[in-house]
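S.K.: Below is the file structure-v2.cif, with mmCIF, C-alpha atoms and all ligand atoms.
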data_model
#
loop_
_atom_site.label_atom_id
_atom_site.label_comp_id
_atom_site.auth_asym_id
_atom_site.auth_seq_id
_atom_site.Cartn_x
_atom_site.Cartn_y
_atom_site.Cartn_z
CA MET A 256 17.02 10.69 8.15
CA LYS A 257 19.38 8.45 10.11
CA GLY A 258 19.94 4.99 8.62
CA LEU A 259 19.93 1.74 10.56
CA ASP A 260 23.70 1.33 10.65
CA ALA A 261 24.15 4.69 12.37
CA LEU A 262 22.17 3.48 15.40
CA ASP A 263 23.91 1.81 18.33
CA VAL A 264 21.94 -1.41 18.93
CA ALA A 265 24.25 -4.08 20.38
CA GLY A 266 22.84 -5.48 23.62
CA GLN A 267 19.93 -3.01 23.53
CA VAL A 268 16.22 -3.67 23.39
CA VAL A 269 15.22 -2.13 20.05
CA LEU A 270 11.55 -1.41 19.49
CA LEU A 271 11.02 -2.11 15.79
CA ARG A 272 7.86 -0.65 14.25
CA ALA A 273 7.23 -2.94 11.28
CA ASP A 274 4.34 -3.19 8.82
CA LEU A 275 3.14 -6.78 9.08
CA ASN A 276 -0.45 -6.03 8.11
CA VAL A 277 -0.95 -9.06 5.89
CA PRO A 278 -4.23 -10.22 4.34
CA LEU A 279 -5.86 -13.01 6.36
CA ASP A 280 -8.47 -15.61 5.53
CA GLY A 281 -9.54 -16.52 9.06
CA THR A 282 -6.14 -17.10 10.68
CA THR A 283 -4.44 -18.12 7.40
CA ILE A 284 -2.07 -15.58 5.85
CA THR A 285 -2.91 -15.34 2.13
CA ASP A 286 0.09 -13.17 1.14
CA ASP A 287 3.17 -12.89 3.39
CA GLY A 288 4.86 -10.22 1.23
CA ARG A 289 4.96 -7.63 4.03
CA ILE A 290 6.53 -10.10 6.48
CA ARG A 291 9.24 -10.98 3.94
CA ALA A 292 9.84 -7.28 3.21
CA SER A 293 10.55 -6.73 6.92
CA LEU A 294 13.24 -9.43 7.12
CA PRO A 295 16.32 -7.39 6.04
CA THR A 296 15.99 -5.00 8.99
CA ILE A 297 15.23 -7.78 11.48
CA LYS A 298 18.27 -9.75 10.27
CA ASN A 299 20.49 -6.67 10.39
CA LEU A 300 19.45 -5.99 13.99
CA ARG A 301 19.92 -9.62 15.08
CA GLU A 302 23.35 -9.85 13.50
CA ARG A 303 24.42 -6.73 15.38
CA GLY A 304 23.34 -8.20 18.71
CA ALA A 305 20.15 -6.24 19.22
CA ARG A 306 17.24 -7.60 21.28
CA VAL A 307 14.42 -7.03 18.82
CA LEU A 308 10.92 -6.28 20.08
CA ILE A 309 8.48 -5.81 17.21
CA VAL A 310 5.39 -3.60 17.38
CA ALA A 311 2.89 -3.83 14.50
CA HIS A 312 -0.81 -3.57 13.68
CA LEU A 313 -3.09 -6.07 11.99
CA GLY A 314 -6.51 -5.46 10.47
CA ARG A 315 -9.06 -3.22 12.12
CA PRO A 316 -9.82 -4.23 15.71
CA SER A 317 -13.08 -2.67 16.83
CA GLY A 318 -14.48 -1.88 20.27
CA ALA A 319 -14.38 1.06 22.65
CA ASN A 320 -11.68 -0.27 24.96
CA TYR A 321 -8.63 -2.51 25.11
CA ALA A 322 -10.48 -5.56 26.49
CA ASP A 323 -13.13 -5.57 23.75
CA ARG A 324 -10.58 -5.14 21.01
CA ALA A 325 -8.23 -7.82 22.34
CA ALA A 326 -11.18 -10.22 22.66
CA GLY A 327 -12.33 -9.51 19.08
CA GLY A 328 -8.89 -9.71 17.44
CA PRO A 329 -7.21 -10.21 15.10
CA SER A 330 -4.25 -11.43 17.12
CA LEU A 331 -0.77 -11.23 15.62
CA ALA A 332 -0.27 -14.93 16.49
CA PRO A 333 -0.29 -16.19 12.86
CA VAL A 334 2.15 -13.42 11.91
CA ALA A 335 4.55 -14.29 14.76
CA ALA A 336 4.38 -17.95 13.69
CA ARG A 337 5.13 -17.12 10.03
CA LEU A 338 7.93 -14.73 10.97
CA GLY A 339 9.44 -17.49 13.12
CA GLU A 340 9.36 -19.88 10.15
CA LEU A 341 11.03 -17.35 7.87
CA LEU A 342 13.73 -16.54 10.44
CA GLY A 343 14.23 -20.16 11.43
CA THR A 344 13.83 -19.28 15.11
CA PRO A 345 10.71 -19.06 17.28
CA VAL A 346 9.23 -15.57 17.70
CA PRO A 347 7.26 -15.41 20.97
CA LEU A 348 4.27 -13.06 21.18
CA ALA A 349 3.38 -11.10 24.33
CA ASP A 350 -0.19 -11.25 25.62
CA ASP A 351 -0.53 -7.48 25.54
CA VAL A 352 0.80 -4.42 23.71
CA ALA A 353 2.63 -2.43 26.36
CA GLY A 354 1.61 -3.93 29.68
CA GLU A 355 2.97 -6.48 32.12
CA SER A 356 3.41 -9.25 29.53
CA ALA A 357 5.26 -6.97 27.06
CA ARG A 358 7.56 -5.74 29.85
CA ALA A 359 8.36 -9.30 30.90
CA MET A 360 8.99 -10.26 27.27
CA ALA A 361 11.40 -7.32 26.78
CA ALA A 362 13.27 -8.17 29.99
CA ALA A 363 13.69 -11.81 28.96
CA LEU A 364 15.27 -11.09 25.56
CA ALA A 365 18.88 -12.12 24.94
CA ASP A 366 21.14 -10.56 22.28
CA GLY A 367 19.90 -11.57 18.80
CA ASP A 368 16.43 -12.62 20.02
CA VAL A 369 13.23 -11.53 18.34
CA ALA A 370 9.81 -11.18 20.00
CA MET A 371 6.59 -9.34 19.30
CA VAL A 372 3.98 -7.45 21.27
CA GLU A 373 0.29 -7.89 20.44
CA ASN A 374 -1.63 -5.95 17.77
CA VAL A 375 -0.95 -2.31 18.65
CA ARG A 376 -4.45 -1.34 17.50
CA PHE A 377 -5.87 -3.23 20.50
CA GLU A 378 -4.87 0.01 22.25
CA PRO A 379 -7.50 2.61 21.23
CA ALA A 380 -4.88 5.31 21.98
CA GLU A 381 -2.72 4.16 19.04
CA THR A 382 -4.93 5.91 16.50
CA SER A 383 -6.28 8.71 18.73
CA LYS A 384 -6.41 12.25 17.31
CA ASP A 385 -5.70 13.53 20.83
CA ASP A 386 -1.95 14.12 21.32
CA ALA A 387 -2.16 13.59 25.09
CA VAL A 388 -3.95 10.26 24.70
CA ARG A 389 -1.34 9.02 22.20
CA SER A 390 1.51 10.28 24.40
CA GLU A 391 0.51 8.06 27.32
CA LEU A 392 0.69 4.94 25.11
CA ALA A 393 3.87 6.18 23.43
CA ALA A 394 5.54 6.52 26.84
CA ARG A 395 4.57 2.95 27.78
CA LEU A 396 5.90 1.62 24.44
CA ALA A 397 9.12 3.63 24.70
CA GLY A 398 9.57 2.29 28.24
CA LEU A 399 9.99 -1.21 26.79
CA ALA A 400 13.16 -0.36 24.86
CA SER A 401 16.24 1.84 24.64
CA ALA A 402 16.16 2.49 20.87
CA TYR A 403 13.54 2.71 18.10
CA VAL A 404 13.66 1.67 14.46
CA GLY A 405 10.90 2.84 12.09
CA ASP A 406 10.47 0.33 9.28
CA GLY A 407 6.68 0.21 8.84
CA PHE A 408 6.57 1.96 5.48
CA GLY A 409 2.89 1.15 4.89
CA ALA A 410 1.95 3.01 8.11
CA LEU A 411 4.18 6.10 7.71
CA HIS A 412 1.27 8.23 6.52
CA ARG A 413 -0.49 7.67 9.87
CA ARG A 414 -0.06 10.04 12.82
CA HIS A 415 -0.24 7.09 15.21
CA ALA A 416 1.48 6.61 18.58
CA SER A 417 3.79 3.79 17.47
CA VAL A 418 4.65 5.57 14.22
CA TYR A 419 4.79 9.25 15.13
CA ASP A 420 5.10 9.68 18.91
CA VAL A 421 7.47 6.91 20.07
CA PRO A 422 10.49 7.98 17.92
CA ALA A 423 10.50 11.36 19.69
CA LEU A 424 11.18 9.54 22.98
CA LEU A 425 14.09 7.27 21.98
CA PRO A 426 17.27 7.34 19.86
CA HIS A 427 15.88 6.33 16.47
CA ALA A 428 16.68 5.37 12.88
CA ALA A 429 14.87 4.37 9.71
CA GLY A 430 14.91 0.67 8.81
CA GLU A 431 16.09 -0.76 5.52
CA LEU A 432 12.61 -1.10 4.03
CA VAL A 433 11.74 2.53 4.72
CA THR A 434 15.10 3.68 3.33
CA ALA A 435 14.61 1.61 0.15
CA GLU A 436 10.99 2.69 -0.37
CA VAL A 437 11.77 6.37 0.12
CA SER A 438 14.76 6.33 -2.22
CA VAL A 439 12.59 4.87 -5.02
CA LEU A 440 9.86 7.45 -4.44
CA GLU A 441 12.50 10.19 -4.52
CA ARG A 442 13.65 8.92 -7.92
CA LEU A 443 10.05 9.14 -9.19
CA THR A 444 9.64 12.72 -8.04
CA ARG A 445 13.10 14.10 -8.87
CA ASP A 446 13.71 14.28 -12.57
CA PRO A 447 12.46 10.84 -13.72
CA ALA A 448 13.70 9.49 -17.07
CA ARG A 449 11.12 10.20 -19.78
CA PRO A 450 8.61 9.28 -20.94
CA TYR A 451 7.24 8.88 -17.40
CA VAL A 452 4.01 6.87 -17.64
CA VAL A 453 1.60 6.35 -14.73
CA VAL A 454 -1.08 3.67 -14.63
CA LEU A 455 -3.87 4.18 -12.09
CA GLY A 456 -6.68 1.77 -11.32
CA GLY A 457 -8.49 0.58 -8.23
CA SER A 458 -12.07 1.15 -7.31
CA LYS A 459 -12.70 4.85 -6.72
CA PRO A 460 -11.40 8.16 -8.11
CA SER A 461 -11.88 9.81 -4.70
CA ASP A 462 -8.92 7.76 -3.39
CA LYS A 463 -6.65 9.03 -6.13
CA LEU A 464 -7.68 12.46 -7.42
CA GLY A 465 -5.09 14.11 -5.16
CA VAL A 466 -2.25 12.08 -6.57
CA ILE A 467 -3.47 12.56 -10.16
CA ARG A 468 -3.45 16.35 -9.60
CA ASN A 469 0.14 16.19 -8.37
CA LEU A 470 1.28 13.81 -11.11
CA LEU A 471 0.00 16.24 -13.77
CA ALA A 472 3.11 18.26 -12.93
CA GLY A 473 5.49 15.35 -13.43
CA ALA A 474 4.12 12.57 -15.63
CA ASP A 475 3.99 12.58 -19.42
CA ARG A 476 1.10 10.15 -19.74
CA ILE A 477 -1.52 8.84 -17.30
CA LEU A 478 -3.48 5.67 -18.13
CA ILE A 479 -6.68 5.32 -16.12
CA GLY A 480 -8.36 1.94 -15.76
CA GLY A 481 -10.39 -0.09 -13.29
CA GLY A 482 -13.34 1.05 -11.24
CA MET A 483 -12.17 4.66 -11.22
CA SER A 484 -12.22 4.91 -15.03
CA TYR A 485 -16.03 4.78 -15.20
CA THR A 486 -16.36 8.18 -13.54
CA PHE A 487 -13.91 9.58 -16.13
CA LEU A 488 -15.87 7.94 -18.97
CA LYS A 489 -19.14 9.31 -17.58
CA ALA A 490 -17.57 12.77 -17.33
CA LYS A 491 -16.75 12.51 -21.03
CA GLY A 492 -20.40 11.75 -21.76
CA TYR A 493 -20.36 7.96 -22.09
CA GLU A 494 -22.97 5.77 -20.41
CA VAL A 495 -21.50 3.20 -18.03
CA GLY A 496 -24.59 1.20 -17.02
CA LYS A 497 -24.39 -0.22 -13.50
CA SER A 498 -20.61 0.26 -13.22
CA LEU A 499 -19.03 1.82 -10.12
CA LEU A 500 -19.63 5.55 -10.35
CA GLU A 501 -18.84 8.49 -8.09
CA THR A 502 -21.40 10.97 -9.34
CA ASP A 503 -20.24 13.61 -6.86
CA LYS A 504 -16.73 13.50 -8.37
CA ILE A 505 -17.73 14.11 -11.99
CA ASP A 506 -17.07 17.88 -11.76
CA GLU A 507 -13.64 17.37 -10.21
CA VAL A 508 -12.76 14.69 -12.77
CA THR A 509 -13.81 17.05 -15.58
CA LYS A 510 -11.48 19.72 -14.15
CA VAL A 511 -8.60 17.25 -13.89
CA MET A 512 -9.09 16.28 -17.55
CA ALA A 513 -9.06 19.95 -18.59
CA GLU A 514 -5.92 20.59 -16.53
CA ALA A 515 -4.19 17.60 -18.12
CA ALA A 516 -5.02 18.96 -21.59
CA GLU A 517 -3.65 22.39 -20.62
CA ARG A 518 -0.40 20.93 -19.32
CA GLY A 519 0.04 18.62 -22.30
CA VAL A 520 -0.24 15.44 -20.18
CA GLU A 521 -1.82 12.65 -22.19
CA LEU A 522 -4.75 11.05 -20.28
CA VAL A 523 -5.62 7.63 -21.69
CA LEU A 524 -9.01 6.01 -20.92
CA PRO A 525 -10.41 2.58 -21.83
CA VAL A 526 -12.00 2.20 -25.26
CA ASP A 527 -13.75 -1.09 -24.46
CA LEU A 528 -14.93 -2.78 -21.28
CA VAL A 529 -15.92 -6.20 -20.06
CA GLY A 530 -19.49 -5.83 -18.78
CA ALA A 531 -20.88 -8.44 -16.39
CA ALA A 532 -24.52 -9.18 -15.58
CA GLU A 533 -23.70 -9.13 -11.86
CA PHE A 534 -20.70 -8.85 -9.51
CA ALA A 535 -19.80 -12.54 -9.27
CA PRO A 536 -16.86 -14.70 -10.42
CA ASP A 537 -19.01 -16.71 -12.82
CA ALA A 538 -21.25 -13.85 -14.01
CA ASP A 539 -22.40 -13.80 -17.61
CA HIS A 540 -20.16 -11.23 -19.40
CA ASP A 541 -19.25 -9.73 -22.76
CA VAL A 542 -17.02 -7.05 -24.31
CA TYR A 543 -18.55 -3.67 -25.23
CA PRO A 544 -17.06 -0.52 -26.77
CA VAL A 545 -17.36 2.43 -24.35
CA THR A 546 -19.59 4.10 -26.96
CA ASP A 547 -22.19 1.37 -26.55
CA PHE A 548 -22.19 0.06 -22.97
CA PRO A 549 -25.50 -1.58 -21.94
CA ALA A 550 -27.57 -0.06 -19.13
CA ASP A 551 -27.96 -3.37 -17.29
CA ARG A 552 -24.27 -4.37 -17.13
CA GLU A 553 -21.40 -3.38 -14.84
CA GLY A 554 -17.78 -2.90 -15.85
CA VAL A 555 -15.45 -5.46 -14.28
CA ASP A 556 -12.36 -5.33 -16.55
CA MET A 557 -10.99 -3.54 -19.58
CA GLY A 558 -11.53 -5.14 -22.99
CA PRO A 559 -8.98 -6.50 -25.51
CA ALA A 560 -8.69 -3.24 -27.50
CA THR A 561 -7.85 -1.38 -24.27
CA ARG A 562 -5.30 -4.04 -23.30
CA GLU A 563 -3.54 -3.36 -26.61
CA LEU A 564 -3.90 0.41 -26.25
CA PHE A 565 -2.40 0.41 -22.72
CA ALA A 566 0.44 -1.90 -23.79
CA ALA A 567 1.25 0.46 -26.69
CA LYS A 568 1.17 3.50 -24.39
CA LEU A 569 3.60 1.73 -22.03
CA ALA A 570 5.98 0.39 -24.67
CA ASP A 571 8.27 3.45 -24.83
CA ALA A 572 8.17 4.30 -21.10
CA ALA A 573 11.48 4.91 -19.32
CA THR A 574 9.81 5.33 -15.92
CA VAL A 575 6.54 3.74 -14.75
CA PHE A 576 4.49 4.02 -11.59
CA TRP A 577 1.50 1.69 -11.35
CA ASN A 578 -1.10 1.78 -8.61
CA GLY A 579 -4.41 -0.05 -8.64
CA PRO A 580 -5.65 -3.16 -10.48
CA VAL A 581 -7.50 -2.25 -13.71
CA GLY A 582 -10.22 -4.84 -13.19
CA VAL A 583 -11.64 -7.17 -10.58
CA PHE A 584 -8.53 -9.35 -10.81
CA GLU A 585 -9.62 -11.39 -7.75
CA PHE A 586 -12.05 -13.14 -10.16
CA PRO A 587 -9.88 -14.98 -12.74
CA ALA A 588 -12.39 -14.31 -15.54
CA PHE A 589 -11.82 -10.56 -15.06
CA SER A 590 -8.06 -10.51 -14.53
CA ALA A 591 -6.94 -10.19 -18.19
CA GLY A 592 -6.64 -6.39 -18.10
CA THR A 593 -4.56 -6.37 -14.92
CA ARG A 594 -2.41 -9.17 -16.31
CA ALA A 595 -1.85 -7.22 -19.55
CA VAL A 596 -0.75 -4.14 -17.61
CA ALA A 597 1.53 -6.18 -15.32
CA GLU A 598 3.15 -7.95 -18.27
CA ALA A 599 3.61 -4.78 -20.30
CA ILE A 600 5.36 -3.11 -17.35
CA ALA A 601 7.39 -6.23 -16.51
CA ALA A 602 8.82 -6.21 -20.05
CA LEU A 603 10.30 -2.70 -19.68
CA PRO A 604 13.99 -2.08 -18.94
CA GLY A 605 13.53 1.27 -17.13
CA LEU A 606 12.53 2.18 -13.56
CA THR A 607 9.25 0.33 -12.88
CA VAL A 608 7.48 0.79 -9.55
CA VAL A 609 4.32 -0.94 -8.36
CA GLY A 610 2.58 0.65 -5.37
CA GLY A 611 -0.44 -0.57 -3.44
CA GLY A 612 -1.37 -3.63 -1.44
CA ASP A 613 -3.87 -4.96 -3.97
CA SER A 614 -1.61 -4.17 -6.93
CA ALA A 615 1.28 -6.05 -5.31
CA ALA A 616 -1.07 -8.94 -4.51
CA ALA A 617 -2.23 -8.92 -8.15
CA VAL A 618 1.36 -9.24 -9.41
CA ARG A 619 1.91 -12.24 -7.13
CA THR A 620 -1.51 -13.84 -7.75
CA LEU A 621 -1.14 -13.56 -11.52
CA GLY A 622 2.33 -15.11 -11.33
CA VAL A 623 4.22 -12.25 -13.00
CA PRO A 624 7.78 -12.55 -11.59
CA GLU A 625 8.38 -9.88 -8.95
CA SER A 626 12.01 -9.64 -10.08
CA LYS A 627 10.84 -8.07 -13.37
CA PHE A 628 9.88 -4.87 -11.55
CA SER A 629 12.43 -2.43 -10.14
CA HIS A 630 10.43 -2.10 -6.94
CA ILE A 631 7.15 -3.36 -5.49
CA SER A 632 6.10 -1.05 -2.70
CA THR A 633 4.57 -2.47 0.46
CA GLY A 634 2.50 0.64 1.08
CA GLY A 635 -0.21 1.93 -1.26
CA GLY A 636 -1.54 4.77 0.89
CA ALA A 637 1.93 5.86 2.00
CA SER A 638 3.39 5.91 -1.52
CA LEU A 639 0.36 7.75 -2.92
CA GLU A 640 0.54 10.39 -0.18
CA TYR A 641 4.26 10.80 -0.78
CA LEU A 642 3.62 11.28 -4.52
CA GLU A 643 0.81 13.70 -3.67
CA GLY A 644 3.49 15.82 -2.03
CA THR A 645 2.19 15.34 1.52
CA MET A 646 4.75 15.12 4.35
CA LEU A 647 4.34 11.68 5.93
CA PRO A 648 4.09 11.96 9.75
CA GLY A 649 6.22 8.84 10.24
CA LEU A 650 9.00 10.22 8.03
CA GLU A 651 8.85 13.58 9.77
CA ALA A 652 9.28 11.76 13.11
CA LEU A 653 12.33 9.88 11.84
CA GLY A 654 13.88 13.23 10.91
P1 LIG B 701 -4.19 -0.74 -4.23
O1 LIG B 701 -4.43 -1.51 -2.96
O2 LIG B 701 -3.20 -1.40 -5.12
O3 LIG B 701 -3.88 0.70 -3.95
P2 LIG B 701 -6.99 -0.19 -4.61
O4 LIG B 701 -7.22 -0.56 -3.19
O5 LIG B 701 -7.14 1.21 -5.00
O6 LIG B 701 -5.55 -0.75 -5.08
O7 LIG B 701 -8.01 -1.01 -5.53
C1 LIG B 701 -8.05 -2.41 -5.57
C2 LIG B 701 -9.43 -2.93 -5.86
O8 LIG B 701 -10.01 -2.31 -6.98
C3 LIG B 701 -9.36 -4.40 -6.17
O9 LIG B 701 -9.89 -5.12 -5.10
C4 LIG B 701 -10.18 -4.55 -7.46
O10 LIG B 701 -11.09 -5.62 -7.41
C5 LIG B 701 -10.91 -3.23 -7.51
N1 LIG B 701 -11.31 -2.92 -8.88
C6 LIG B 701 -10.52 -2.71 -9.93
N2 LIG B 701 -11.28 -2.54 -11.04
C7 LIG B 701 -12.56 -2.65 -10.66
C8 LIG B 701 -13.81 -2.57 -11.34
N3 LIG B 701 -13.84 -2.38 -12.64
N4 LIG B 701 -14.93 -2.70 -10.63
C9 LIG B 701 -14.87 -2.91 -9.30
N5 LIG B 701 -13.74 -3.00 -8.61
C10 LIG B 701 -12.59 -2.87 -9.27
MG MG B 702 -6.15 -1.52 -1.63
#
Please re-express this file's structure in C-alpha cells.
Ligand code: ADP
Ligand code: MG
M.R.:
Amino acid sequence: MKGLDALDVAGQVVLLRADLNVPLDGTTITDDGRIRASLPTIKNLRERGARVLIVAHLGRPSGANYADRAAGGPSLAPVAARLGELLGTPVPLADDVAGESARAMAAALADGDVAMVENVRFEPAETSKDDAVRSELAARLAGLASAYVGDGFGALHRRHASVYDVPALLPHAAGELVTAEVSVLERLTRDPARPYVVVLGGSKPSDKLGVIRNLLAGADRILIGGGMSYTFLKAKGYEVGKSLLETDKIDEVTKVMAEAAERGVELVLPVDLVGAAEFAPDADHDVYPVTDFPADREGVDMGPATRELFAAKLADAATVFWNGPVGVFEFPAFSAGTRAVAEAIAALPGLTVVGGGDSAAAVRTLGVPESKFSHISTGGGASLEYLEGTMLPGLEALG
C-alpha cells in the first residue's frame, strides 16, 4: 500500500475519501472525533500544495433517486462548517456530489484550498451492488480530480464507488489515518504481547460471532458483556428475563463456547447484572446475580461483582482490544460497567486498542482521557472485519 508522501500532489486536485460520518442531533454534531481524526491527512495535503476536494458520506439518506435523497438529507453542511473551524479556513460545500456544482468547485480551487462535495450517498449508485452502476458514478468522481487519497477507514469494509471503484481510475495512496489504523490492527493480529485480552460488548451477538470465532485463534481471554452477553448466559442455562436475546443464535453461541474450551481460551461472562423495570434512563433498577435474574426485568448493565471480575481479568493484560459498550452507557445510571472497563484498560501500560463508534463515544462521554489508550479506532465495522480475517475492499483497492 502506497503511503501519502509517495503521491505527487502539488498543484493537483486530490479527491480525498474521508470518513466524516459523525453522530448528529438534528444538525448539531454531538461527537466530532471522526472530523478531528481526518485532519492530519488534510493538513499534509494542504502543506504540500494540493487542492483538496473531500468526498464523504453522512447518515443514511433514503429515497429511490438522487433528488429524493438530496431533499431528505442529511447534508454535509454542518460537517463542512466544523471542518472549517478546525482548519481555521472556510471549507465550501458543493451543491451536488459529482455534477455541475462539484466540477465548478474543483475548477475554482487554488493550491492549499479545501472544499467538499455533498453527501456521496445522495447518489444511489454509491452503494449499488451492480459494478456497472457504480462505475458510472466512479468515473464522474474521478473526473473531478487527478489523484485519489483513501483515508476513510470506517468505510473501507464497503464495496462502494467512492471507496472501491474510484482508486482504480486515478493515481492513489492511503491517507495517514488509514495507515495508522491498519498498522495497529496488524500489531493485534501478528504475534501480540501476551496475555492478549479482548472485551466485547454491544447489543447483539450476531454482529460479533464472526470476530469471536477468529479471535479464538489469537486471544488468551475473551470477556463478554453488554447486550450480547445475555444470549451467552441463556446458552449456559441461565434465565435472563426480558433482556435482549437472540434465540436463533443460541446454538452457534454454544458451539463458540465449546470451541473456546477446546482451544484453552478463557471466556468470561457476567456474574451479576443490573436489571431495569423498563428501557428508560430513570427506570427502577436493582442488581441481581445471574443465577437469580427476575422474569420481569431487562439487563441494562453489568453489576458490581462483574465490574471487579472484569477489572481483575484485565489487570495482567499486555495487549487489549475492546469493542462494544458493556451496558446502556447512554443512560448515566447504567454506565458504571462501561466506565469500569474503560478505566481498567486505561490503567494498562501495554497496547490498548478501542474499536467501534459507540465504544469511542463512550470513552469520550465518560471522560476517560483518550491519551490513556494506545489507539482509538474510528471504524467499528472495518476493524472487526479486519480482525475477522476478511479482506477489506477499500484496502484491496489501495493496493
Ligand atoms: P460499537 O459501535 O462500539 O461497535 P455496538 O454498536 O456494537 O458498539 O453497540 C453499542 C450499543 O450497545 C450501545 O448503544 C449500547 O447502548 C448497547 N448496549 C450495550 N449493552 C446493552 C444492554 N445490556 N442492553 C441493550 N443495549 C446495550
Ligand atoms: Mg455501533
S.K.: Calculated over only C-alpha atoms, which of the candidates A:Glu373, A:Asp366, A:Glu302, A:Asp462 has the smallest distance to Pro329 (chain A)?
M.R.: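 For Pro329 (chain A), the nearest of the given residues is A:Glu373.
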S.K.: Kindly compile the residues surrounding ligand LIG 701 (chain B) within 9 Å, counting only C-alpha atoms and all ligand atoms, and format them as a ChimeraX atom specification.
M.R.: /A:455-460,462-463,480-485,498-499,528-529,534,553-557,577-586,589,593,609-617,634-636,639
S.K.: Let me see the file: selected residues, C-alpha atoms, as a PDB file, in the frame of the given file.
M.R.:
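File produced: selection35.pdb:
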ATOM      1  CA  LEU A 455      -3.870   4.180 -12.090  1.00  0.00           C
ATOM      2  CA  GLY A 456      -6.680   1.770 -11.320  1.00  0.00           C
ATOM      3  CA  GLY A 457      -8.490   0.580  -8.230  1.00  0.00           C
ATOM      4  CA  SER A 458     -12.070   1.150  -7.310  1.00  0.00           C
ATOM      5  CA  LYS A 459     -12.700   4.850  -6.720  1.00  0.00           C
ATOM      6  CA  PRO A 460     -11.400   8.160  -8.110  1.00  0.00           C
ATOM      7  CA  ASP A 462      -8.920   7.760  -3.390  1.00  0.00           C
ATOM      8  CA  LYS A 463      -6.650   9.030  -6.130  1.00  0.00           C
ATOM      9  CA  GLY A 480      -8.360   1.940 -15.760  1.00  0.00           C
ATOM     10  CA  GLY A 481     -10.390  -0.090 -13.290  1.00  0.00           C
ATOM     11  CA  GLY A 482     -13.340   1.050 -11.240  1.00  0.00           C
ATOM     12  CA  MET A 483     -12.170   4.660 -11.220  1.00  0.00           C
ATOM     13  CA  SER A 484     -12.220   4.910 -15.030  1.00  0.00           C
ATOM     14  CA  TYR A 485     -16.030   4.780 -15.200  1.00  0.00           C
ATOM     15  CA  SER A 498     -20.610   0.260 -13.220  1.00  0.00           C
ATOM     16  CA  LEU A 499     -19.030   1.820 -10.120  1.00  0.00           C
ATOM     17  CA  LEU A 528     -14.930  -2.780 -21.280  1.00  0.00           C
ATOM     18  CA  VAL A 529     -15.920  -6.200 -20.060  1.00  0.00           C
ATOM     19  CA  PHE A 534     -20.700  -8.850  -9.510  1.00  0.00           C
ATOM     20  CA  GLU A 553     -21.400  -3.380 -14.840  1.00  0.00           C
ATOM     21  CA  GLY A 554     -17.780  -2.900 -15.850  1.00  0.00           C
ATOM     22  CA  VAL A 555     -15.450  -5.460 -14.280  1.00  0.00           C
ATOM     23  CA  ASP A 556     -12.360  -5.330 -16.550  1.00  0.00           C
ATOM     24  CA  MET A 557     -10.990  -3.540 -19.580  1.00  0.00           C
ATOM     25  CA  TRP A 577       1.500   1.690 -11.350  1.00  0.00           C
ATOM     26  CA  ASN A 578      -1.100   1.780  -8.610  1.00  0.00           C
ATOM     27  CA  GLY A 579      -4.410  -0.050  -8.640  1.00  0.00           C
ATOM     28  CA  PRO A 580      -5.650  -3.160 -10.480  1.00  0.00           C
ATOM     29  CA  VAL A 581      -7.500  -2.250 -13.710  1.00  0.00           C
ATOM     30  CA  GLY A 582     -10.220  -4.840 -13.190  1.00  0.00           C
ATOM     31  CA  VAL A 583     -11.640  -7.170 -10.580  1.00  0.00           C
ATOM     32  CA  PHE A 584      -8.530  -9.350 -10.810  1.00  0.00           C
ATOM     33  CA  GLU A 585      -9.620 -11.390  -7.750  1.00  0.00           C
ATOM     34  CA  PHE A 586     -12.050 -13.140 -10.160  1.00  0.00           C
ATOM     35  CA  PHE A 589     -11.820 -10.560 -15.060  1.00  0.00           C
ATOM     36  CA  THR A 593      -4.560  -6.370 -14.920  1.00  0.00           C
ATOM     37  CA  VAL A 609       4.320  -0.940  -8.360  1.00  0.00           C
ATOM     38  CA  GLY A 610       2.580   0.650  -5.370  1.00  0.00           C
ATOM     39  CA  GLY A 611      -0.440  -0.570  -3.440  1.00  0.00           C
ATOM     40  CA  GLY A 612      -1.370  -3.630  -1.440  1.00  0.00           C
ATOM     41  CA  ASP A 613      -3.870  -4.960  -3.970  1.00  0.00           C
ATOM     42  CA  SER A 614      -1.610  -4.170  -6.930  1.00  0.00           C
ATOM     43  CA  ALA A 615       1.280  -6.050  -5.310  1.00  0.00           C
ATOM     44  CA  ALA A 616      -1.070  -8.940  -4.510  1.00  0.00           C
ATOM     45  CA  ALA A 617      -2.230  -8.920  -8.150  1.00  0.00           C
ATOM     46  CA  GLY A 634       2.500   0.640   1.080  1.00  0.00           C
ATOM     47  CA  GLY A 635      -0.210   1.930  -1.260  1.00  0.00           C
ATOM     48  CA  GLY A 636      -1.540   4.770   0.890  1.00  0.00           C
ATOM     49  CA  LEU A 639       0.360   7.750  -2.920  1.00  0.00           C
TER      50      LEU A 639
END
S.K.: List every protein, DNA or RNA residue that has an atom no more than 6 Å from (4.8, 1.1, 4.1) in the file's coordinate frame, counting all atoms listed in the file, and report them as a PyMOL selection string.
M.R.: chain A and resi 407-410+633-634+637
S.K.: Between CA of Asp368 (chain A) and CA of Gly339 (chain A), what distance in Å does the model show, to one decimal?
M.R.: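 Separating CA of Asp368 (chain A) from CA of Gly339 (chain A) is a distance of 11.0 Å.
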S.K.: Near Asp551 (chain A), counting all atoms listed in the file, which residues have an atom at most 12 Å away, once you skip same-chain residues fewer than 6 positions from it, shown as a ChimeraX atom specification?
M.R.: /A:494-498,530-534,539-540
